[in-house]
Amino acid sequence: MNRKLLCLLLFLIILTVASCTKQGQQQYLITQDNVKIAYNFTKGGDIGFLLLHQLGSNRSAYNAFYDSLVLKNYSVIAIDFRGNGESDLDYNNFTEKDWKKLILDVQAARDFL
């Protein structure tokens with residue numbers, strides 16, 4: 001393979017990875033109980049993935065996995081649960097009732113996807 005072609009190929013790979021790691025555009029969903037949930041979304045094919053992080057984390061925990069799914073042409077949404085990341089509220093102050101409302105975050109993301 002000649003040098004120019006190799007350089008062009010490497011440039012295209014870097015460009016593809018750089019555009020993919022943007023994780024889509026950050027936006028916000030509003031849940032049924034009016035909580036603002038931060039998310040990233042990239043539209044791909046008809047099959048979609050909803051990425052849900054663990055307690056005390058945020059959607060960036062899935063950056064590498066998110067990127068790999070996007071490269072395979074899947075639609076992907078990753079959210080920050082309420083009280084985490086850039087979403088409204090603080091999970092350190094949650095009551096049992098607040099914890100049960102996490103399902104509303106998942107429902108909003110599923111409905112969007």
# chains A, B, ... in the order shown; residues from 1 in each chain; ligands from 1

call {"tool": "residues_around", "arguments": {"residues": "Leu29 in chain A", "least_positions_apart": "6", "cutoff": "7 Å", "atoms": "only C-alpha atoms", "output": "list in words"}}
result
Lys36, Ile37, Ala38 and Ala108 of chain A

call {"tool": "residues_around", "arguments": {"residues": "Gly83 in chain A", "least_positions_apart": "6", "cutoff": "12 Å", "atoms": "only C-alpha atoms", "output": "list in words"}}
result
Val35, Lys36, Ile37, Ala38, Gln54, Leu55, Gly56, Ser57, Asn58, Leu89, Asp90, Tyr91, Asn92, Asn93, Phe94, Thr95, Asp98, Trp99, Lys101, Leu102 and Asp105 of chain A

call {"tool": "closest_residue", "arguments": {"among": "A:Ser75, A:Gln107, A:Arg82, A:Leu113", "to": "Gly44 in chain A", "atoms": "only C-alpha atoms"}}
result
A:Ser75

call {"tool": "closest_residue", "arguments": {"among": "A:Arg110, A:Arg59, A:Lys72, A:His53", "to": "Asn40 in chain A", "atoms": "only C-alpha atoms"}}
result
A:Arg59

call {"tool": "select_by_dssp", "arguments": {"residues": "range 54-109 of chain A", "states": "strand (DSSP E)", "output": "ChimeraX atom specification"}}
result
/A:75-79

call {"tool": "write_last_selection", "arguments": {"atoms": "all heavy atoms", "output": "tab-separated table (two decimals), in the first residue's frame"}}
result
chain	number	residue	atom	x	y	z
A	75	SER	N	-29.07	2.61	16.74
A	75	SER	CA	-29.50	3.83	17.41
A	75	SER	C	-29.19	3.65	18.89
A	75	SER	O	-29.44	2.57	19.45
A	75	SER	CB	-31.00	4.06	17.21
A	75	SER	OG	-31.28	4.31	15.85
A	76	VAL	N	-28.65	4.69	19.52
A	76	VAL	CA	-28.21	4.55	20.92
A	76	VAL	C	-28.62	5.79	21.71
A	76	VAL	O	-28.42	6.92	21.26
A	76	VAL	CB	-26.69	4.38	21.02
A	76	VAL	CG1	-26.28	4.13	22.47
A	76	VAL	CG2	-26.19	3.27	20.11
A	77	ILE	N	-29.20	5.55	22.89
A	77	ILE	CA	-29.47	6.63	23.84
A	77	ILE	C	-28.86	6.23	25.18
A	77	ILE	O	-28.98	5.09	25.62
A	77	ILE	CB	-30.98	6.92	23.97
A	77	ILE	CG1	-31.21	8.14	24.87
A	77	ILE	CG2	-31.75	5.71	24.45
A	77	ILE	CD1	-32.65	8.66	24.86
A	78	ALA	N	-28.16	7.16	25.78
A	78	ALA	CA	-27.59	6.97	27.12
A	78	ALA	C	-28.11	8.12	27.98
A	78	ALA	O	-28.05	9.29	27.56
A	78	ALA	CB	-26.06	6.98	27.07
A	79	ILE	N	-28.62	7.80	29.15
A	79	ILE	CA	-29.19	8.83	30.01
A	79	ILE	C	-28.42	8.95	31.32
A	79	ILE	O	-27.72	8.03	31.73
A	79	ILE	CB	-30.68	8.56	30.34
A	79	ILE	CG1	-30.85	7.32	31.21
A	79	ILE	CG2	-31.50	8.46	29.06
A	79	ILE	CD1	-32.25	7.13	31.77
